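Since the structure comes first, as structure tokens, the remarks are kept for the end.
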Amino acid sequence: MWIPIQLNEQSAEPMYHQIEVQLRALIVSGQLAEGTLLPSIRELAQTLKCSVITIRRVYQDLENEGLLRTKQGTGTYVAKVGDEMRDIHRRSSVIEALEAAVDAGVRVRCSDEEMMEMLRDILQRRRNANGT
Amino acid sequence: MQSPAIEVKGMVQKRSHFELGPIDLAIPRGYVTAIVGPNGSGKSSLFRCLLDLAKPDRGEIEVLGEKQGAFDNWQMKARIGYVPEENSSVYDHMKAEQKAAFTRQWYPQWDINRYQELIRRFEIDPSLKLRKMSKGMRRKFDLILAMAHNPELLLLDEPSSGLDPIAWRTMIDVIHRYMESGERTVLMASHIIDEVRRLADYIVFIVHGRVLGMYEKDTLLESWSMLYADTAGSKEQWRSMPGCHSAEFAGGSTYKVVTSNMIESEEWCRARGIHILSKQRLELDDILTAMIEQERLRIQS
């Protein structure tokens with residue numbers, strides 16, 4: 001099966017990290033449903049043009065987090081994601097993005113008020129644009 | 001930890017014009033390891049020693065858990081597939097199917113269905129005489145003969161030379177599928193950067209008969225980088241930067257720096273307030289070139 005993971009070869013983020021973040025998001029968001037059989041390590045390595053060592057590391061990390069489970073001889077499956085876990089992950093990617101935004105603001109010496117105002121502005125604009 | 005598929009200890013092979021080694025190397029089971037190095041660096045000689053086609057003067061070689069060279073261990077060799085750098089002209093008069101029937105005798109595990117499947121995938125006409133085959137076609141046929149007995153260990157010496165882009169893709173795919181079970185091992189010598197990128201899990205650099213190092217491919221590619229850094233006028237001791245390979249003045253207060261340790265170099269720059277303007281990963285051939293340079297400097301000093 002094809003999994004929508006895209007690697008940025010020039011990114012400073014190590015490949016395993018890029019893959020792990022994207023795969024985790026796919027699982028936590030429910031895009032990869034519980035029980036989905038993932039490609040074999042060699043297969044995914046081939047698709048993403050990276051080594052099996054990198055993919056093995058990703059699968060192992062996500063298995064340790066309880067997001068994947070491996071059945072001997074049959075392959076690696078998406079595990080059941082609890083609501084609590086889903087919520088933690090749901091928030092964590094947003095928090096990460098906000099942190100990056102705050103860093104960008106601090107670099108150009110924005111005040112807290114300025115940044116809050118920008119956030120409110122953006123929220124307003126997006127909500128209006130989406131009609132929600 | 002599984003025992004390695006190939007283990008080489010202190011191997012030296014002396015020739016009048018060339019000395020190979022001393023080489024110490026452990027090729028892990030279940031992975032694709034690529035040997036990369038310039039022409040004449042001893043890759044093919046190493047393959048020949050691994051297969052007991054040539055004898056080293058010193059050192060030990062173990063292949064698939066058995067000592068190589070003590071006697072003609074055909075049972076062990078039957079577990080190996082080998083595509084040599086150049087094929088022998090001895091069989092030129094044979095038809096492909098005759099050569100296959102001949103080769104089959106030496107391999108109890110020969111899998112006729114697998115052979116037929118590969119013949120179809122690579123689009124070989126088995127009734128053709130080997131002499132009549134183009135270089136690329138012959139190469140594909142050699143690969144089929146080396147894989148038809150489902151070997152545990154596949155040794156490929158420049159496997160893709162002469163292949164057209166379509167055949168090349170087929171080869172990459174066939175090797176990936178062959179590796180799928182996770183038990184098998186490939187050791188290949190290659191000049192083709194894209195081939196190494198797509199296939200290899202580990203990379204071994206060999207230069208002038210010596211192993212410069214063995215690396216996990218993704219880690220290697222992630223750690224070598226070229227960056228442009230702005231020192232804002234201060235004099236920097238680039239040599240003290242972790243992993244610094246080279247630093248040259250690039251105009252203004254900017255330097256072009258090549259590092260083999262991207263993460264620590266970045267921290268080093270940050271700690272000194274050096275602004276990194278851009279960074280770019282190096283390709284394998286750039287890394288090889290840089291390593292050869294380092295090796296030359298090391299020998300000179």
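Here's how to read the names in the structure tokens: chain A, B, ... by the order shown, residue numbers from 1 in each chain, ligand numbers from 1 in the order shown.
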
- Mind listing as a ChimeraX atom specification which residues of chain B are within 10 Å of chain A, counting only C-alpha atoms? /B:30-32,172-173,176-177,179-182,194,197-202,216-219,221-223,225,262-263,266,279-282

- What lies within 12 Å of Asp61 of chain A using only C-alpha atoms, ignoring chain neighbours under 5 positions off, as a PyMOL selection string? chain A and resi 16-17+19-21+23-24+54-56+66-69

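By only C-alpha atoms, and with residues fewer than 5 positions from Arg121 of chain B along its chain excluded, the set lying at most 9 Å from it is Gln116, Thr170 and Val174 of chain B.
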
- Query: Which neighbours of Trp2 of chain A fall inside 10 Å, counting only C-alpha atoms, when residues of the same chain fewer than 2 positions from it are skipped, and could you give them as a ChimeraX atom specification?
  - Reply: /A:4-5,38-39,43-44,47

- Message: Based on the backbone DSSP call, show me all residues of segment 178-227 of chain B assigned strand (DSSP E), as a ChimeraX atom specification.
- Response: /B:185-189,202-207,210-216,225-227

For the selection you just gave me, I'd like the residues written to a file as an mmCIF file, in the first residue's frame, keeping C-alpha atoms.
data_model
loop_
_atom_site.group_PDB
_atom_site.id
_atom_site.type_symbol
_atom_site.label_atom_id
_atom_site.label_comp_id
_atom_site.auth_asym_id
_atom_site.auth_seq_id
_atom_site.Cartn_x
_atom_site.Cartn_y
_atom_site.Cartn_z
ATOM 1 C CA THR B 185 22.493 -10.450 2.089
ATOM 2 C CA VAL B 186 23.799 -8.480 -0.864
ATOM 3 C CA LEU B 187 27.318 -7.191 -1.239
ATOM 4 C CA MET B 188 27.739 -5.071 -4.324
ATOM 5 C CA ALA B 189 30.426 -2.932 -5.870
ATOM 6 C CA TYR B 202 25.427 0.266 4.430
ATOM 7 C CA ILE B 203 28.271 1.797 2.448
ATOM 8 C CA VAL B 204 31.916 0.748 2.563
ATOM 9 C CA PHE B 205 34.479 3.106 1.059
ATOM 10 C CA ILE B 206 37.567 1.462 -0.376
ATOM 11 C CA VAL B 207 40.468 3.534 -1.685
ATOM 12 C CA ARG B 210 42.202 0.058 2.105
ATOM 13 C CA VAL B 211 38.842 0.393 3.795
ATOM 14 C CA LEU B 212 38.213 4.014 4.769
ATOM 15 C CA GLY B 213 35.142 3.102 6.756
ATOM 16 C CA MET B 214 31.732 1.516 6.818
ATOM 17 C CA TYR B 215 28.684 3.701 7.320
ATOM 18 C CA GLU B 216 24.945 3.451 7.624
ATOM 19 C CA SER B 225 26.846 18.936 4.501
ATOM 20 C CA MET B 226 28.065 22.040 2.766
ATOM 21 C CA LEU B 227 27.074 25.284 4.394
#

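Taking atom CA of Ser301 of chain B and atom CA of Lys9 of chain B as endpoints, the distance between them is 26.5 Å.
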
- Query: So which residues of segment 196-285 of chain B fall under alpha helix (DSSP H) by DSSP, listed as a list in words?
  - Reply: Val196, Arg197, Arg198, Leu199, Lys217, Asp218, Thr219, Leu220, Leu221, Glu222, Ser223, Met262, Ile263, Glu264, Ser265, Glu266, Glu267, Trp268, Cys269, Arg270, Ala271, Leu284 and Asp285 of chain B

If you keep N, CA and C atoms, can you produce a file of those selected residues as a JSON list (two decimals), in the first residue's frame?
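Output file result-v5.json is given in full below:
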[["chain", "number", "residue", "atom", "x", "y", "z"],
["B", 196, "VAL", "N", 23.44, 3.01, -5.61],
["B", 196, "VAL", "CA", 23.81, 2.87, -4.20],
["B", 196, "VAL", "C", 22.75, 3.53, -3.32],
["B", 197, "ARG", "N", 22.28, 4.70, -3.74],
["B", 197, "ARG", "CA", 21.26, 5.41, -2.96],
["B", 197, "ARG", "C", 20.00, 4.58, -2.83],
["B", 198, "ARG", "N", 19.61, 3.93, -3.92],
["B", 198, "ARG", "CA", 18.35, 3.20, -3.89],
["B", 198, "ARG", "C", 18.46, 1.85, -3.20],
["B", 199, "LEU", "N", 19.62, 1.22, -3.28],
["B", 199, "LEU", "CA", 19.71, -0.15, -2.80],
["B", 199, "LEU", "C", 20.37, -0.30, -1.43],
["B", 217, "LYS", "N", 23.93, 4.20, 5.56],
["B", 217, "LYS", "CA", 23.80, 5.15, 4.44],
["B", 217, "LYS", "C", 23.10, 6.46, 4.82],
["B", 218, "ASP", "N", 21.93, 6.37, 5.45],
["B", 218, "ASP", "CA", 21.17, 7.59, 5.75],
["B", 218, "ASP", "C", 21.93, 8.50, 6.70],
["B", 219, "THR", "N", 22.57, 7.88, 7.71],
["B", 219, "THR", "CA", 23.34, 8.67, 8.66],
["B", 219, "THR", "C", 24.48, 9.39, 7.95],
["B", 220, "LEU", "N", 25.13, 8.66, 7.05],
["B", 220, "LEU", "CA", 26.24, 9.25, 6.30],
["B", 220, "LEU", "C", 25.77, 10.46, 5.49],
["B", 221, "LEU", "N", 24.67, 10.26, 4.77],
["B", 221, "LEU", "CA", 24.17, 11.34, 3.91],
["B", 221, "LEU", "C", 23.67, 12.52, 4.73],
["B", 222, "GLU", "N", 23.22, 12.25, 5.95],
["B", 222, "GLU", "CA", 22.70, 13.33, 6.78],
["B", 222, "GLU", "C", 23.81, 14.10, 7.48],
["B", 223, "SER", "N", 24.96, 13.44, 7.65],
["B", 223, "SER", "CA", 26.00, 14.14, 8.43],
["B", 223, "SER", "C", 26.92, 14.98, 7.57],
["B", 262, "MET", "N", 27.20, 17.38, 10.67],
["B", 262, "MET", "CA", 26.31, 18.52, 10.53],
["B", 262, "MET", "C", 25.75, 19.00, 11.87],
["B", 263, "ILE", "N", 25.28, 18.07, 12.70],
["B", 263, "ILE", "CA", 24.60, 18.46, 13.93],
["B", 263, "ILE", "C", 25.53, 19.23, 14.86],
["B", 264, "GLU", "N", 26.73, 18.67, 15.08],
["B", 264, "GLU", "CA", 27.66, 19.34, 16.00],
["B", 264, "GLU", "C", 28.21, 20.63, 15.39],
["B", 265, "SER", "N", 28.37, 20.66, 14.08],
["B", 265, "SER", "CA", 28.84, 21.88, 13.43],
["B", 265, "SER", "C", 27.84, 23.00, 13.62],
["B", 266, "GLU", "N", 26.57, 22.65, 13.51],
["B", 266, "GLU", "CA", 25.52, 23.66, 13.69],
["B", 266, "GLU", "C", 25.55, 24.23, 15.11],
["B", 267, "GLU", "N", 25.73, 23.32, 16.08],
["B", 267, "GLU", "CA", 25.79, 23.77, 17.47],
["B", 267, "GLU", "C", 27.01, 24.66, 17.69],
["B", 268, "TRP", "N", 28.10, 24.26, 17.09],
["B", 268, "TRP", "CA", 29.35, 25.01, 17.21],
["B", 268, "TRP", "C", 29.16, 26.43, 16.68],
["B", 269, "CYS", "N", 28.50, 26.54, 15.53],
["B", 269, "CYS", "CA", 28.25, 27.85, 14.92],
["B", 269, "CYS", "C", 27.32, 28.68, 15.80],
["B", 270, "ARG", "N", 26.27, 28.03, 16.29],
["B", 270, "ARG", "CA", 25.29, 28.74, 17.10],
["B", 270, "ARG", "C", 25.96, 29.31, 18.35],
["B", 271, "ALA", "N", 26.83, 28.48, 18.98],
["B", 271, "ALA", "CA", 27.50, 28.91, 20.21],
["B", 271, "ALA", "C", 28.38, 30.13, 19.95],
["B", 284, "LEU", "N", 26.75, 11.40, -2.59],
["B", 284, "LEU", "CA", 27.72, 10.35, -2.27],
["B", 284, "LEU", "C", 29.08, 10.58, -2.93],
["B", 285, "ASP", "N", 29.06, 11.00, -4.20],
["B", 285, "ASP", "CA", 30.35, 11.17, -4.89],
["B", 285, "ASP", "C", 31.15, 12.32, -4.27]]

- Message: I'd like the neighbourhood of Pro4 of chain B as a PyMOL selection string, where a residue qualifies if any of its atoms comes within 8 Å (using only C-alpha atoms), though same-chain residues fewer than 5 positions away should be ignored.
- Response: chain B and resi 26-29+64-65

- Quick one: pull the distance between atom CA of Lys132 of chain B and atom CA of Ala167 of chain B, Å, one decimal.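 Atom CA of Ala167 of chain B lies 18.2 Å from atom CA of Lys132 of chain B.
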
- Of the candidates B:Asp125, B:Glu183, B:Asp92, B:Glu85, which shows the shortest atom-to-atom distance to Glu152 of chain B, using only C-alpha atoms? B:Glu183

- Query: Quick one: residues within 12 Å of Trp238 of chain B, only C-alpha atoms counted, chain neighbours fewer than 5 positions away excluded, as number ranges by chain?
  - Reply: B: 229, 231, 243-249, 255-259, 265, 268-269, 272, 274

Take the selection from the previous step and output its residues with N, CA and C atoms, as a compact mmCIF listing (two decimals), in the first residue's frame.
# COMPACT_ATOMS: atom_id res chain seq x y z
N ALA B 229 28.30 30.18 5.77
CA ALA B 229 28.16 30.76 7.11
C ALA B 229 28.70 32.17 7.13
N THR B 231 30.25 35.04 9.34
CA THR B 231 30.93 35.20 10.63
C THR B 231 30.80 36.63 11.15
N GLY B 243 34.02 18.00 12.88
CA GLY B 243 33.74 17.46 11.55
C GLY B 243 34.18 18.33 10.40
N CYS B 244 34.90 19.42 10.70
CA CYS B 244 35.29 20.34 9.62
C CYS B 244 36.15 19.63 8.59
N HIS B 245 35.73 19.68 7.34
CA HIS B 245 36.54 19.09 6.28
C HIS B 245 37.29 20.18 5.52
N SER B 246 36.57 21.23 5.18
CA SER B 246 37.23 22.33 4.49
C SER B 246 36.46 23.62 4.74
N ALA B 247 37.15 24.73 4.66
CA ALA B 247 36.50 26.03 4.80
C ALA B 247 37.19 26.98 3.86
N GLU B 248 36.42 27.62 3.00
CA GLU B 248 37.05 28.61 2.13
C GLU B 248 36.27 29.91 2.15
N PHE B 249 37.03 30.97 1.96
CA PHE B 249 36.46 32.31 1.96
C PHE B 249 35.54 32.47 0.76
N TYR B 255 31.79 32.32 4.56
CA TYR B 255 32.65 31.18 4.28
C TYR B 255 31.82 30.01 3.78
N LYS B 256 32.46 29.22 2.90
CA LYS B 256 31.84 27.97 2.44
C LYS B 256 32.52 26.85 3.19
N VAL B 257 31.75 26.12 3.97
CA VAL B 257 32.32 25.14 4.87
C VAL B 257 31.73 23.76 4.58
N VAL B 258 32.59 22.76 4.54
CA VAL B 258 32.11 21.39 4.37
C VAL B 258 32.37 20.63 5.66
N THR B 259 31.35 19.98 6.17
CA THR B 259 31.48 19.26 7.44
C THR B 259 30.98 17.82 7.32
N SER B 265 28.37 20.66 14.08
CA SER B 265 28.84 21.88 13.43
C SER B 265 27.84 23.00 13.62
N TRP B 268 28.10 24.26 17.09
CA TRP B 268 29.35 25.01 17.21
C TRP B 268 29.16 26.43 16.68
N CYS B 269 28.50 26.54 15.53
CA CYS B 269 28.25 27.85 14.92
C CYS B 269 27.32 28.68 15.80
N ARG B 272 28.87 30.29 18.71
CA ARG B 272 29.75 31.41 18.40
C ARG B 272 29.02 32.55 17.71
N ILE B 274 27.68 32.46 14.86
CA ILE B 274 27.87 32.45 13.41
C ILE B 274 26.54 32.09 12.76

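Compared by their closest atoms to Leu37 of chain A, and using only C-alpha atoms, the residues A:Gln124, A:Gln6, A:Gln22, A:Thr70 rank with A:Thr70 nearest.
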